[in-house]
Amino acid sequence: MNPRISELFDELDCITSIVNNIHAGSLCASESIRTKLLIKAIDNQLEIDSIRHSLNPQIPEPWASMSADEIIKGLGVYR
């Protein structure tokens with residue numbers, strides 16, 4: 001996986017944790033902090049989507065519709 005995508009998902013996990021703590025009342029946050037967290041989460045999601053679309057692996061049929069186990073069992077056998 002692209003290292004940048006891993007960083008973005010880690011940041012999203014951190015943001016989610018902070019937001020959950022804010023909603024649970026264990027953290028007090030101003031409206032501007034909540035807004036900044038939301039903007040950062042949206043920016044991360046947009047960048048993840050951009051990277052995801054650029055990776056588009058173009059897996060040929062019938063492989064694209066098979067499960068991972070089916071592919072592993074059939075490696076080397078392409079009809």
# chains A, B, ... in the order shown; residues from 1 in each chain; ligands from 1
>>> residues_around(residues="range 8-15 of chain A", least_positions_apart="4", cutoff="9 Å", atoms="only C-alpha atoms", output="ChimeraX atom specification")
/A:3-4,19-20,37-38,40-41,44-45,47-48
>>> atom_distance(atom1="CA of Ser67 in chain A", atom2="CA of Ser50 in chain A")
25.3 Å
>>> atom_distance(atom1="CA of Ile39 in chain A", atom2="CA of Glu7 in chain A")
16.6 Å
>>> atom_distance(atom1="CA of Ser6 in chain A", atom2="CA of Asn21 in chain A")
22.8 Å
